Each structure stands twice: as C-alpha cells, then as structure tokens.
Amino acid sequence: MNKLANLQQVQDWEVYLQSPGGTAFPASVRMVAMYDSQGQQVGWRWLLCDISEQQAALCARQQAESDLHRINAVLQAQQEASIDGILIIDENRTVTSSNQKFSQLWQIPAALLQTRDDRQLLGWVLDQLVNPDEFLAKAEYLYQHPEESSRDEIFLKSGKIFERYSAPVRGYQGACGEISPLEDYYGRIWYFRDITEYKQAEAELRGSQQRLALLIEQTPLAIIEWNTNFEVQTWNRSAERIFGYTTEEMLGNRFEIIVPENAKKHVNEILTALLTQRGGSFSVNENVTKDGRTIVCEWYNNPLVTPDGQVIGVASMVLDITERKRSEEEQQKFVALIENSSDFIGIASMAGQILYVNPAGLKMVGLSSLETAKTKSLVDCYSPEAFAEFQQKITPLIFQHGFWQGEFRYRHFQTGIEIPTDCSLFLVKHPETGEPFCRVAVIRDITERRQAQEALLKSEAQLRQQAEELKVALRELQHTQTHLIQSEKMSSLGQLVAGVAHEINNPVNFIYGNLNPAKEYTQDLLSLLQLYQSHYPKPVPEIEDFAELIELDFLKSDLPQILNSMNVGADRIREIVLSLRTFSRLDEAEMKAVDIHKGIDSTLMILQSRLKGNDQRPTIEIIKEYGKLPLVECYAGQLNQVFMNILSNAIDALEEGVESEDEGNNQCPIPNSPYPIPNAQFPIPRLTSTSLRDAARSLLPRRSTLGTSRLVQAPNSQCSIPTIHICTQLQESNQVTIRIADNGLGIPEDVKKQLFDPFFTTKPIGKGTGMGLAISYQIITERHGGFLECISQPGQGAEFMIKIPLIQNK
C-alpha cells in the first residue's frame, strides 16, 4: 500500500491474470485515485480490461513488419543480383526503385536517378536510341494500358541491342495469388537486358546453320538421313536431282522405293549392319529413279550415334557414277576398237620413243611384237631422206597447230620398201597444264588406193569428155525444144485469139449496126405515144391501169438510156476484140515497126479479169509511165508473149504476197471492188422494169484501174495495195527500155540465178511449166538482140528490165 501511496493519481500497466478456469490472459489495469469533498484521498478505483485480442493483433503486426522487412531485403538483394537492369515506376510516373545494373546499362548519372523523375530518365534514354519515337510510343501505350505486358528489342546508336520487358505492378489476394481488380494498380516494372552478345552468337549460329544447310543443299552429293526404321528424314536437292523424287515425296518413305527388287535383300543387310556397328560402310549399288531408269551409285553410309552410344539413325552420301561407268565401258570399247582396227595406231613419247602399236600396225610395218616395237624410235620408221623431210616440213606444223594430216611414206622394217600412207598425226596435251606429253599416229596403207586412183583418173578424163559432149547436145536440144514449143504455142494461141475475135466481131457488128435504127424507131414510138396522150389525156380505165402497171413514165425516160448503155457496151466489146487482134498479131509474123504501148495495153486488157479484186485480195493497181517512143522494129506477137509472161508472173507474186499476209494474221481489208466476184453463185431474180434498168446501167464502162496513180495505202489498212508499175523510155539513140515492177514478196538470190533456165519453176505442179521466162529470155536475147534482167530482193518486190534495139540490124 505504501507503494501505491507513492504512485501518481492515475497509473496504467499490463499484467497477466488468471481466470476462474485457471487460464492466464493478458489484462490492462488502470488505477485512478479517489478523493472526498475536502480533497483528501480516500482510496483507489481499479479498471480491468482483457487485452488478449489486442495483444494478438500487435503480435501479428510485429510479425508482418518483420516479414515485410525480410521480403524487402530479399527483393532488394534479388534486384541487385539480377542480370537485368530493373526500373520500377509507380502509378504517378515516379521512380520508386532501380538497381545498379539499370544505371550501368544506360550509364545514368546518380544525380539524375535521385530526381526520381521518370520523364527526365526517359529523355536520357531516348538520346541513346536508334529509333526513339518508336520507343516512346511503346512506353506511352503501356502507361495508357496498365493491364498489358510487353516484350521487344531496342537498338542503341552504340550498336548494342537491349531486350525490354514491362509488366504492371498489381496487388494479389488470397493464397492462390489471384490478381486484384484494376484499382490495385501500383505502377509498372521495366526490365532491360543487354543481348548484344547473344544476338551476335545467334547470328553466327544462324549463319553456321545456313552454311551447313547450303552445303547440304548445294553439294553434288545426295545427302540422305534415315531413322532406325530406315525412313527418310532428310533429302537434299542433289538427292532430288539424282533420284527424281522431291523432298515431299520421300520424307517418311523407306529405302525400298529407290532400290531395285533384286537388290533389296542385300541393301537391307547393309543397313541393318550399320545399326549394330560404329564404323561406316561403302558400297556400289544399282538404284531406280522415279522415271524408271536404272542408275549406278556409290554409297557412303555412317551410323548417327549419340554421346551415350545410342544409334539414332544413318547418314548416307550418294554419288551418281552412271556416267563414269558408261565412260569406263566406252573406254573399254575404245581400247577394243584400237586393238581391232585395220589401221596403224601408234603412240610415241615426245622424245620419239615408240610406246604402243596396235596389231594391225605391227603387221603393216613388219614388226613381230609390241615388245620389239618398243625398242624402236620414230627415226627407224622412215628412210633417211624421208625422215629429213619429215623433220623439216611436218614436225614444225605438228608443234605449231597440234596436228597434221596428209600423205607420207613409212619404211617396212623387213623389206625396207616405202609404204604410201594417209596420216593423221597429233599431240596429246595434259588437261591441266596444256603441255603435250605424247604423240599419236593413225596411219592407213593407201597402196591399193593409189593404184585405184590412177585408174580412176584415166576413166574420169574419158567420162568428162563424154559428159561435155552430152552437155552441149542437151543444151542444143533444150533450145530446139524451147523454140518448137514457143512456135507451136504462139501459132495455136494466135489462131485461137484471132478466131475468138472474129466470132465475137460478127454478132457485135450486127448489134452495133442495128442500134441506131432501134433508137430511131424507139424515138418514133415515144413521139407517137406523146401525141396520143396529148390528144386523149383521159384514156379508158383499162389503159390507165396497164400504164400504171408497166410504169409508163419510167419506161419513157429509161428506154433511151438503155439503148445508150447498149451502145456503150457494144463499143467496149469492139475494143476488146481489137485488143485480142493486136495481141495475137497473126498478120505480123515478120519483123515490122509497131507501137509497143498498144501491145502492152492489149496484154493488160486480156489480163483484166485477173487484175480485178475479189474476196481474197483487192484490185491490182496498174501504174503506167509511158515515155515518148517512136515505132519499134520487133516481132510484135512474140514481144506481146513476153509481156504476157512477165505480167502473169507479177500477178502470181502479188497473190502469193496477199496469201502470206493472211497466213501471218495480218490480213488487209479489201476495198470495195467495182467488179463482181468471179464464179459467185447468185439466185436469178424476177425481171422487172427496175431490174432491167439496173442491168442496162451495169453495162456502162467502169472506172479503169489502169490509171497513173502512185502506190498508196489501202483504206484503214497497214498493208500496201498490190501494184504493178510499167515504165517505158528511150535510152541513147537506138535502145528502148521497158521496166515491169511489182511490190510482191521478191525473189531469193538462189531462185533468181535459175530464173531463165528451161523447165525451172517454183510454182506447184499443174500451175507452171517453167517455160514462160525461158522462152521470154530467148525472144529478147536471140530474136531481138536485146537484154532481159531481173532485179529483186526478198521482201522488196521484183523488177524485170527489157532492153531491145529501136531498129534491128539487118
């Protein structure tokens, strides 16, 4: 109580009390002094409180603080021990923590870190980046989207490469680590790792892998990997090339697909042995390609063994030696060919020592065996005079050109007689250095050939003389035949043309002589009809109906026109008959002075039907440039025949040109031809007064194509209009030149050389005899003492130039 008396008026302390049950519990005790009205202390008031729960909460808080200190210490230690640079930014964009690695990576001054300003740190970092805009945009995006994480790579100007990882810092609830709602967002943590060396190593590894892949893909050897079930795991391009199967076709397939049936058992034994041994194997096998060919391959097989000694597969390298095998077989055939050749085949060193002679060669020069031949040298194969000549004339040529061919003589070792031979001597050079290392001789005994040649030369001289005589006789025969054909042809043609002209002329004269009376009678009838109409203007209905039916007014106006058209048609027929008579010149068999222009015009008149356009080609334009010519002494009928032949050939050439354009899909549109299409089939119309009028008008002369227009382009076409150009002029004082040119395909040089040969033709069978130009050439050169030449190039058309004297020498 004395102690209590010394206490303050209010005192608090904690004690452990015992409950009635005997359990101790912590309690809080408060003693408050009690006073009477005079201020005298009269006692103490005790306040007791059970503080078990408070004590438990305090202990828990103290333990939590201790754990928090421990976790912070561990996290700080982990943060400093991390190989990554770590930066933690709170939700207010303030730096809350960073480790030393972060400062080292970005070389950030301590003073800048102490500011804890994220924007200042960001500015420092951006100055070091290759692409700061992209870095800043990514950071801003993540701050705007706190729920997202990110991993990427950033490139510094110094050449370093950092890996950047960022994740939100958020609270966790429960023992299962469930993420709290977005309201528990505490900022963002950034990790930076220097991966420069890793990237370099990765690039080197990738390059090494690429080089290995290229080696596998580009090696000429087929690289094949099999698993333990002998199924293909790797199949490179060379394997595709050798066997014909693509990688997709072979992956997972077994070896039997490329092994012929008769070799499958043997190959299976080889592969099985590879799985039980540590060494490789080599074999030469036949294989089958995708297209069924049998090839020969060398196989180098090695088991793939892991470090613990387990076989996981087989690697095979395959070389196609089919061509090499064939070369070996060809070499064997070549050796057999040399051994069995009937010619001398020998090999000598560059010093002249004989190394090899085949059996036929030994027999030719009289040597008993190859061993005996090897004891000889080149000097022993010739007589002294022949060897000196060989060394002086032939050896330098061999070393200069590498070979020599010709005739020379060799010595028979037993008889000493010189053998005439045909020789092929050459040097064999090393494939790498190009230096010659041996001589080869292929020699044939030509003794019998020499004898045969001498006999042949004698017989050839006799045959040559006989051939020359036959050639002269044939030439004379051809000329005679040409003259006979020409004479008969011209005679028959002249008689035919004259007969046709005569037969046509008689009825035409009859028609022409009656046209004038018919016109007078018609005019009288029309005048009489006019009188009737003037005196009887209103005839009976029956006459009016008939007049309307026959279109009386039209008949009155059209009938005179019909008679005029008939008159024009008759005139034209008389002109054609005159042209036929002029062309035939039946009454001018002897030479006399004539107008050549009339002969050309009459020929064109006869060919008029071929000049007209049709459904295959446009009309052929004729350009005439006639000079002022006097009368020319000539055989008029024969000269007309020359014009006919040349103009006909020109028309043929132009038609071939049009056909060539059609075949080349370059067809030219045909201008509207004023002429009817030959051989066309049309239905016969009912004749009316209108149709009679049209028929009469069709007899009017049409526009002639024999104008003087120049070569022009067809309307809406890229092709030239087919054209024949005829030009005449007087040159010097006694020479007339006639040029006939076309714009056809032209004539090749080899054809032009034979153009005037009898029976030569380029036309199909049945379209040409080959006599037209030959006869024309004889008419001009022999009958008229003139000159006929063809000037042409392929694609440039052709021009025939005729030159004849104005007055023939008597």
# chains A, B, ... in the order shown; residues from 1 in each chain; ligands from 1

call {"tool": "residues_around", "arguments": {"residues": "Pro26 of chain A", "least_positions_apart": "3", "cutoff": "10 Å", "atoms": "only C-alpha atoms", "output": "ChimeraX atom specification"}}
result
/A:14-18,29,49-55

call {"tool": "write_last_selection", "arguments": {"atoms": "N, CA, C and O atoms", "output": "CSV table (one decimal), in the first residue's frame"}}
result
chain,number,residue,atom,x,y,z
A,14,GLU,N,0.1,-3.4,-17.6
A,14,GLU,CA,-0.4,-4.6,-18.1
A,14,GLU,C,0.1,-5.8,-17.2
A,14,GLU,O,1.3,-5.8,-16.9
A,15,VAL,N,-0.8,-6.7,-17.0
A,15,VAL,CA,-0.5,-7.9,-16.1
A,15,VAL,C,-1.2,-9.1,-16.7
A,15,VAL,O,-2.1,-8.9,-17.6
A,16,TYR,N,-0.7,-10.2,-16.3
A,16,TYR,CA,-1.4,-11.4,-16.7
A,16,TYR,C,-2.2,-11.9,-15.5
A,16,TYR,O,-1.7,-12.0,-14.4
A,17,LEU,N,-3.5,-12.1,-15.7
A,17,LEU,CA,-4.4,-12.6,-14.7
A,17,LEU,C,-4.8,-14.0,-15.0
A,17,LEU,O,-4.7,-14.5,-16.1
A,18,GLN,N,-5.4,-14.6,-14.0
A,18,GLN,CA,-5.8,-16.0,-14.1
A,18,GLN,C,-7.3,-16.0,-14.0
A,18,GLN,O,-7.9,-15.5,-13.1
A,29,VAL,N,-4.6,-2.8,-16.7
A,29,VAL,CA,-5.1,-2.3,-15.4
A,29,VAL,C,-4.9,-0.8,-15.4
A,29,VAL,O,-3.8,-0.3,-15.7
A,49,CYS,N,-9.2,-4.6,-18.0
A,49,CYS,CA,-9.7,-4.8,-19.4
A,49,CYS,C,-8.9,-6.0,-20.0
A,49,CYS,O,-7.6,-6.0,-19.9
A,50,ASP,N,-9.6,-7.0,-20.5
A,50,ASP,CA,-9.0,-8.1,-21.2
A,50,ASP,C,-8.4,-7.7,-22.6
A,50,ASP,O,-9.2,-7.2,-23.4
A,51,ILE,N,-7.1,-7.8,-22.7
A,51,ILE,CA,-6.5,-7.3,-24.0
A,51,ILE,C,-5.9,-8.4,-24.8
A,51,ILE,O,-4.9,-8.3,-25.5
A,52,SER,N,-6.5,-9.6,-24.7
A,52,SER,CA,-6.0,-10.8,-25.4
A,52,SER,C,-6.0,-10.5,-26.9
A,52,SER,O,-5.0,-10.8,-27.7
A,53,GLU,N,-7.1,-9.9,-27.4
A,53,GLU,CA,-7.2,-9.7,-28.9
A,53,GLU,C,-6.2,-8.6,-29.3
A,53,GLU,O,-5.6,-8.7,-30.4
A,54,GLN,N,-6.1,-7.6,-28.5
A,54,GLN,CA,-5.2,-6.5,-28.9
A,54,GLN,C,-3.7,-7.0,-28.9
A,54,GLN,O,-3.0,-6.7,-29.8
A,55,GLN,N,-3.4,-7.9,-27.9
A,55,GLN,CA,-2.1,-8.4,-27.9
A,55,GLN,C,-1.8,-9.3,-29.1
A,55,GLN,O,-0.8,-9.3,-29.7

call {"tool": "atom_distance", "arguments": {"atom1": "atom CA of Ile646 of chain A", "atom2": "atom CA of Gly770 of chain A"}}
result
12.6 Å

call {"tool": "closest_residue", "arguments": {"among": "A:Lys290, A:Ser316, A:Cys790, A:Glu298", "to": "Val232 of chain A", "atoms": "only C-alpha atoms"}}
result
A:Ser316

call {"tool": "closest_residue", "arguments": {"among": "A:His430, A:Lys376, A:His725, A:His535", "to": "Ile620 of chain A", "atoms": "only C-alpha atoms"}}
result
A:His725

call {"tool": "select_by_dssp", "arguments": {"residues": "segment 187-231 of chain A", "states": "alpha helix (DSSP H)", "output": "PyMOL selection string"}}
result
chain A and resi 196-218
